[in-house]
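Participant: For reference, the structure I am asking about is given below.
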Amino acid sequence: MPRIRTRSVENVAAALKIYYSCNYIGNAEIKEIFGIGENTAINLKKLVQSAEIERNVVQAVPYKVNTKLAFEIWGIDIKALEKNYNKLKELGL
């Protein structure tokens, strides 16, 4: 499944914290990352669930999706996000 174009990350700090601390994410985390409503979070999660099925990734936690796969499907470059976030902190912004 190719990457899709989604919304931009609204809360960079939350995205980094979730990526590095949660193996599986649900609607609450998705809403926190993108600053979106429940229905949009569900739709984004469904995209990842489809990719999990297509790639035979075990769906280990009910109502949640694999975090690393989710970021990949949503086109979030975690290394670039982290670099930019650290630069902003360095500049005091």
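By convention in this document, the chains of the structure tokens carry letters A, B, ... by their order, each chain's residues are numbered from 1, and ligands are numbered from 1 in the order they are shown.
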Hey, what's within 12 Å of Tyr85 in chain A if we count only C-alpha atoms and toss same-chain stuff fewer than 6 positions away? As a count of residues only, please?
Facilitator: 13
Participant: Among range 12-89 of chain A, which residues carry a DSSP assignment of strand (DSSP E), reported as a PyMOL selection string?
Facilitator: chain A and resi 24-25+65-66
Participant: Kindly export the residues of the current selection with N, CA and C atoms, as a PDB file, in the first residue's frame.
Facilitator:
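Wrote it out as result_8.pdb, contents follow:
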ATOM      1  N   TYR A  24       1.327   0.756  20.114  1.00  0.00           N
ATOM      2  CA  TYR A  24       0.025   0.782  19.458  1.00  0.00           C
ATOM      3  C   TYR A  24      -0.698   2.063  19.843  1.00  0.00           C
ATOM      4  N   ILE A  25      -1.415   2.644  18.867  1.00  0.00           N
ATOM      5  CA  ILE A  25      -2.142   3.883  19.140  1.00  0.00           C
ATOM      6  C   ILE A  25      -3.603   3.751  18.739  1.00  0.00           C
ATOM      7  N   VAL A  65      -3.808   0.495  16.446  1.00  0.00           N
ATOM      8  CA  VAL A  65      -2.994   0.119  15.289  1.00  0.00           C
ATOM      9  C   VAL A  65      -1.510   0.268  15.627  1.00  0.00           C
ATOM     10  N   ASN A  66      -0.679  -0.397  14.854  1.00  0.00           N
ATOM     11  CA  ASN A  66       0.758  -0.346  15.031  1.00  0.00           C
ATOM     12  C   ASN A  66       1.266   1.071  14.773  1.00  0.00           C
TER      13      ASN A  66
END
Participant: Using only C-alpha atoms, which residues sit within 12 Å of Lys46 in chain A once same-chain residues fewer than 3 positions away are excluded, as a PDB file with all heavy atoms, in the first residue's frame?
Facilitator:
ATOM      1  N   GLY A  26      -4.430   4.527  19.413  1.00  0.00           N
ATOM      2  CA  GLY A  26      -5.857   4.551  19.135  1.00  0.00           C
ATOM      3  C   GLY A  26      -6.310   5.951  18.768  1.00  0.00           C
ATOM      4  O   GLY A  26      -5.498   6.844  18.504  1.00  0.00           O
ATOM      5  N   ASN A  27      -7.599   6.145  18.793  1.00  0.00           N
ATOM      6  CA  ASN A  27      -8.184   7.414  18.381  1.00  0.00           C
ATOM      7  C   ASN A  27      -7.683   8.601  19.214  1.00  0.00           C
ATOM      8  O   ASN A  27      -7.438   9.678  18.674  1.00  0.00           O
ATOM      9  CB  ASN A  27      -9.709   7.351  18.461  1.00  0.00           C
ATOM     10  CG  ASN A  27     -10.289   6.373  17.469  1.00  0.00           C
ATOM     11  OD1 ASN A  27      -9.605   5.886  16.575  1.00  0.00           O
ATOM     12  ND2 ASN A  27     -11.565   6.054  17.640  1.00  0.00           N
ATOM     13  N   ILE A  30      -4.258   9.617  17.998  1.00  0.00           N
ATOM     14  CA  ILE A  30      -4.353  10.161  16.634  1.00  0.00           C
ATOM     15  C   ILE A  30      -4.898  11.587  16.673  1.00  0.00           C
ATOM     16  O   ILE A  30      -4.378  12.484  16.017  1.00  0.00           O
ATOM     17  CB  ILE A  30      -5.221   9.253  15.742  1.00  0.00           C
ATOM     18  CG1 ILE A  30      -4.558   7.875  15.589  1.00  0.00           C
ATOM     19  CG2 ILE A  30      -5.461   9.890  14.376  1.00  0.00           C
ATOM     20  CD1 ILE A  30      -5.452   6.813  14.981  1.00  0.00           C
ATOM     21  N   ASN A  39     -14.269  11.382  14.065  1.00  0.00           N
ATOM     22  CA  ASN A  39     -14.523  10.719  12.779  1.00  0.00           C
ATOM     23  C   ASN A  39     -13.290  10.697  11.881  1.00  0.00           C
ATOM     24  O   ASN A  39     -13.007   9.691  11.222  1.00  0.00           O
ATOM     25  CB  ASN A  39     -15.695  11.382  12.042  1.00  0.00           C
ATOM     26  CG  ASN A  39     -17.011  11.091  12.713  1.00  0.00           C
ATOM     27  OD1 ASN A  39     -17.160  10.104  13.429  1.00  0.00           O
ATOM     28  ND2 ASN A  39     -17.984  11.966  12.500  1.00  0.00           N
ATOM     29  N   THR A  40     -12.544  11.777  11.858  1.00  0.00           N
ATOM     30  CA  THR A  40     -11.332  11.827  11.051  1.00  0.00           C
ATOM     31  C   THR A  40     -10.291  10.868  11.608  1.00  0.00           C
ATOM     32  O   THR A  40      -9.599  10.181  10.849  1.00  0.00           O
ATOM     33  CB  THR A  40     -10.773  13.257  11.000  1.00  0.00           C
ATOM     34  OG1 THR A  40     -11.802  14.140  10.556  1.00  0.00           O
ATOM     35  CG2 THR A  40      -9.591  13.361  10.059  1.00  0.00           C
ATOM     36  N   ALA A  41     -10.199  10.774  12.928  1.00  0.00           N
ATOM     37  CA  ALA A  41      -9.263   9.834  13.560  1.00  0.00           C
ATOM     38  C   ALA A  41      -9.619   8.398  13.191  1.00  0.00           C
ATOM     39  O   ALA A  41      -8.738   7.587  12.889  1.00  0.00           O
ATOM     40  CB  ALA A  41      -9.270  10.020  15.072  1.00  0.00           C
ATOM     41  N   ILE A  42     -10.890   8.098  13.189  1.00  0.00           N
ATOM     42  CA  ILE A  42     -11.348   6.756  12.814  1.00  0.00           C
ATOM     43  C   ILE A  42     -10.967   6.452  11.372  1.00  0.00           C
ATOM     44  O   ILE A  42     -10.482   5.360  11.063  1.00  0.00           O
ATOM     45  CB  ILE A  42     -12.875   6.627  13.029  1.00  0.00           C
ATOM     46  CG1 ILE A  42     -13.187   6.622  14.524  1.00  0.00           C
ATOM     47  CG2 ILE A  42     -13.421   5.368  12.353  1.00  0.00           C
ATOM     48  CD1 ILE A  42     -14.660   6.779  14.851  1.00  0.00           C
ATOM     49  N   ASN A  43     -11.167   7.408  10.483  1.00  0.00           N
ATOM     50  CA  ASN A  43     -10.821   7.196   9.071  1.00  0.00           C
ATOM     51  C   ASN A  43      -9.323   6.983   8.875  1.00  0.00           C
ATOM     52  O   ASN A  43      -8.906   6.132   8.088  1.00  0.00           O
ATOM     53  CB  ASN A  43     -11.308   8.363   8.212  1.00  0.00           C
ATOM     54  CG  ASN A  43     -12.819   8.393   8.101  1.00  0.00           C
ATOM     55  OD1 ASN A  43     -13.479   7.367   8.227  1.00  0.00           O
ATOM     56  ND2 ASN A  43     -13.369   9.568   7.888  1.00  0.00           N
ATOM     57  N   GLN A  49      -5.339   0.086   9.480  1.00  0.00           N
ATOM     58  CA  GLN A  49      -5.865  -1.268   9.655  1.00  0.00           C
ATOM     59  C   GLN A  49      -5.849  -2.036   8.330  1.00  0.00           C
ATOM     60  O   GLN A  49      -5.509  -3.222   8.307  1.00  0.00           O
ATOM     61  CB  GLN A  49      -7.288  -1.223  10.230  1.00  0.00           C
ATOM     62  CG  GLN A  49      -7.325  -0.806  11.681  1.00  0.00           C
ATOM     63  CD  GLN A  49      -8.726  -0.540  12.198  1.00  0.00           C
ATOM     64  OE1 GLN A  49      -9.606  -0.106  11.456  1.00  0.00           O
ATOM     65  NE2 GLN A  49      -8.932  -0.793  13.482  1.00  0.00           N
ATOM     66  N   SER A  50      -6.171  -1.357   7.246  1.00  0.00           N
ATOM     67  CA  SER A  50      -6.121  -1.993   5.926  1.00  0.00           C
ATOM     68  C   SER A  50      -4.693  -2.405   5.577  1.00  0.00           C
ATOM     69  O   SER A  50      -4.461  -3.489   5.043  1.00  0.00           O
ATOM     70  CB  SER A  50      -6.647  -1.042   4.852  1.00  0.00           C
ATOM     71  OG  SER A  50      -8.002  -0.763   5.059  1.00  0.00           O
ATOM     72  N   ALA A  51      -3.739  -1.544   5.889  1.00  0.00           N
ATOM     73  CA  ALA A  51      -2.327  -1.854   5.621  1.00  0.00           C
ATOM     74  C   ALA A  51      -1.861  -3.017   6.491  1.00  0.00           C
ATOM     75  O   ALA A  51      -1.073  -3.855   6.036  1.00  0.00           O
ATOM     76  CB  ALA A  51      -1.465  -0.626   5.862  1.00  0.00           C
ATOM     77  N   GLU A  52      -2.341  -3.073   7.737  1.00  0.00           N
ATOM     78  CA  GLU A  52      -1.975  -4.186   8.609  1.00  0.00           C
ATOM     79  C   GLU A  52      -2.454  -5.514   8.021  1.00  0.00           C
ATOM     80  O   GLU A  52      -1.712  -6.499   8.018  1.00  0.00           O
ATOM     81  CB  GLU A  52      -2.569  -4.000  10.013  1.00  0.00           C
ATOM     82  CG  GLU A  52      -1.890  -2.942  10.842  1.00  0.00           C
ATOM     83  CD  GLU A  52      -2.512  -2.754  12.207  1.00  0.00           C
ATOM     84  OE1 GLU A  52      -3.739  -2.959  12.368  1.00  0.00           O
ATOM     85  OE2 GLU A  52      -1.769  -2.395  13.144  1.00  0.00           O
ATOM     86  N   ILE A  53      -3.653  -5.533   7.504  1.00  0.00           N
ATOM     87  CA  ILE A  53      -4.203  -6.741   6.898  1.00  0.00           C
ATOM     88  C   ILE A  53      -3.415  -7.113   5.647  1.00  0.00           C
ATOM     89  O   ILE A  53      -3.028  -8.260   5.457  1.00  0.00           O
ATOM     90  CB  ILE A  53      -5.703  -6.553   6.576  1.00  0.00           C
ATOM     91  CG1 ILE A  53      -6.507  -6.452   7.874  1.00  0.00           C
ATOM     92  CG2 ILE A  53      -6.223  -7.684   5.687  1.00  0.00           C
ATOM     93  CD1 ILE A  53      -7.923  -5.962   7.701  1.00  0.00           C
ATOM     94  N   TYR A  63      -8.845  -2.276  18.793  1.00  0.00           N
ATOM     95  CA  TYR A  63      -9.152  -0.858  18.593  1.00  0.00           C
ATOM     96  C   TYR A  63      -7.917   0.032  18.462  1.00  0.00           C
ATOM     97  O   TYR A  63      -8.027   1.249  18.529  1.00  0.00           O
ATOM     98  CB  TYR A  63     -10.072  -0.312  19.691  1.00  0.00           C
ATOM     99  CG  TYR A  63     -11.295  -1.157  19.913  1.00  0.00           C
ATOM    100  CD1 TYR A  63     -11.417  -1.939  21.053  1.00  0.00           C
ATOM    101  CD2 TYR A  63     -12.299  -1.205  18.960  1.00  0.00           C
ATOM    102  CE1 TYR A  63     -12.530  -2.739  21.249  1.00  0.00           C
ATOM    103  CE2 TYR A  63     -13.415  -1.998  19.142  1.00  0.00           C
ATOM    104  CZ  TYR A  63     -13.534  -2.767  20.288  1.00  0.00           C
ATOM    105  OH  TYR A  63     -14.629  -3.560  20.472  1.00  0.00           O
ATOM    106  N   LYS A  64      -6.740  -0.573  18.306  1.00  0.00           N
ATOM    107  CA  LYS A  64      -5.516   0.204  18.144  1.00  0.00           C
ATOM    108  C   LYS A  64      -4.743  -0.319  16.944  1.00  0.00           C
ATOM    109  O   LYS A  64      -4.988  -1.424  16.476  1.00  0.00           O
ATOM    110  CB  LYS A  64      -4.648   0.143  19.402  1.00  0.00           C
ATOM    111  CG  LYS A  64      -5.344   0.791  20.593  1.00  0.00           C
ATOM    112  CD  LYS A  64      -4.392   1.116  21.684  1.00  0.00           C
ATOM    113  CE  LYS A  64      -5.143   1.883  22.779  1.00  0.00           C
ATOM    114  NZ  LYS A  64      -4.244   2.626  23.615  1.00  0.00           N
ATOM    115  N   VAL A  65      -3.808   0.495  16.446  1.00  0.00           N
ATOM    116  CA  VAL A  65      -2.994   0.119  15.289  1.00  0.00           C
ATOM    117  C   VAL A  65      -1.510   0.268  15.627  1.00  0.00           C
ATOM    118  O   VAL A  65      -1.140   0.979  16.555  1.00  0.00           O
ATOM    119  CB  VAL A  65      -3.342   0.972  14.043  1.00  0.00           C
ATOM    120  CG1 VAL A  65      -4.746   0.681  13.564  1.00  0.00           C
ATOM    121  CG2 VAL A  65      -3.172   2.458  14.312  1.00  0.00           C
ATOM    122  N   ASN A  66      -0.679  -0.397  14.854  1.00  0.00           N
ATOM    123  CA  ASN A  66       0.758  -0.346  15.031  1.00  0.00           C
ATOM    124  C   ASN A  66       1.266   1.071  14.773  1.00  0.00           C
ATOM    125  O   ASN A  66       1.013   1.648  13.716  1.00  0.00           O
ATOM    126  CB  ASN A  66       1.418  -1.347  14.079  1.00  0.00           C
ATOM    127  CG  ASN A  66       2.901  -1.379  14.215  1.00  0.00           C
ATOM    128  OD1 ASN A  66       3.592  -0.486  13.731  1.00  0.00           O
ATOM    129  ND2 ASN A  66       3.397  -2.412  14.857  1.00  0.00           N
ATOM    130  N   ALA A  70       1.600   3.105  11.231  1.00  0.00           N
ATOM    131  CA  ALA A  70       0.716   4.260  11.087  1.00  0.00           C
ATOM    132  C   ALA A  70       1.489   5.485  10.601  1.00  0.00           C
ATOM    133  O   ALA A  70       1.073   6.153   9.650  1.00  0.00           O
ATOM    134  CB  ALA A  70       0.022   4.570  12.410  1.00  0.00           C
ATOM    135  N   ILE A  73       2.379   4.981   6.934  1.00  0.00           N
ATOM    136  CA  ILE A  73       1.214   5.122   6.038  1.00  0.00           C
ATOM    137  C   ILE A  73       0.793   6.582   5.930  1.00  0.00           C
ATOM    138  O   ILE A  73       0.429   7.053   4.854  1.00  0.00           O
ATOM    139  CB  ILE A  73       0.039   4.249   6.535  1.00  0.00           C
ATOM    140  CG1 ILE A  73       0.400   2.768   6.493  1.00  0.00           C
ATOM    141  CG2 ILE A  73      -1.232   4.530   5.746  1.00  0.00           C
ATOM    142  CD1 ILE A  73       0.743   2.235   5.119  1.00  0.00           C
ATOM    143  N   TRP A  74       0.856   7.300   7.024  1.00  0.00           N
ATOM    144  CA  TRP A  74       0.463   8.710   7.015  1.00  0.00           C
ATOM    145  C   TRP A  74       1.539   9.623   6.454  1.00  0.00           C
ATOM    146  O   TRP A  74       1.327  10.831   6.329  1.00  0.00           O
ATOM    147  CB  TRP A  74       0.093   9.173   8.424  1.00  0.00           C
ATOM    148  CG  TRP A  74      -1.074   8.445   9.014  1.00  0.00           C
ATOM    149  CD1 TRP A  74      -2.137   7.914   8.344  1.00  0.00           C
ATOM    150  CD2 TRP A  74      -1.297   8.176  10.387  1.00  0.00           C
ATOM    151  NE1 TRP A  74      -3.002   7.319   9.224  1.00  0.00           N
ATOM    152  CE2 TRP A  74      -2.514   7.463  10.490  1.00  0.00           C
ATOM    153  CE3 TRP A  74      -0.579   8.448  11.550  1.00  0.00           C
ATOM    154  CZ2 TRP A  74      -3.032   7.038  11.705  1.00  0.00           C
ATOM    155  CZ3 TRP A  74      -1.096   8.026  12.760  1.00  0.00           C
ATOM    156  CH2 TRP A  74      -2.307   7.328  12.830  1.00  0.00           C
TER     157      TRP A  74
END
Participant: Quick one: pull the distance between CA of Ser8 in chain A and CA of Ile76 in chain A, Å, one decimal.
Facilitator: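 Atom-to-atom, CA of Ser8 in chain A to CA of Ile76 in chain A, that is 8.4 Å.
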Participant: In Å to one decimal, how far is CA of Glu10 in chain A from CA of Glu32 in chain A?
Facilitator: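 We find that CA of Glu32 in chain A and CA of Glu10 in chain A lie 7.9 Å from each other.
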Participant: Run DSSP on the backbone of this structure and report the residues of chain A it assigns to alpha helix (DSSP H), as a PyMOL selection string.
Facilitator: chain A and resi 12-21+27-34+38-54+67-73+78-91
Participant: What gap, in Å, lies between CA of Cys22 in chain A and CA of Thr67 in chain A?
Facilitator: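 For CA of Cys22 in chain A relative to CA of Thr67 in chain A, the distance reads 6.8 Å.
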Participant: For each of A:Asn86, A:Leu44, A:Asp77, A:Asn23, take the minimum atom-to-atom distance to Val61 in chain A, counting only C-alpha atoms, then give the residue where this is smallest.
Facilitator: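 Looking only at the distances to Val61 in chain A, the closest residue turns out to be A:Asn23.
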Participant: Calculated over only C-alpha atoms, which of the candidates A:Gly75, A:Lys89, A:Leu81, A:Lys45 has the smallest distance to Lys31 in chain A?
Facilitator: A:Lys45
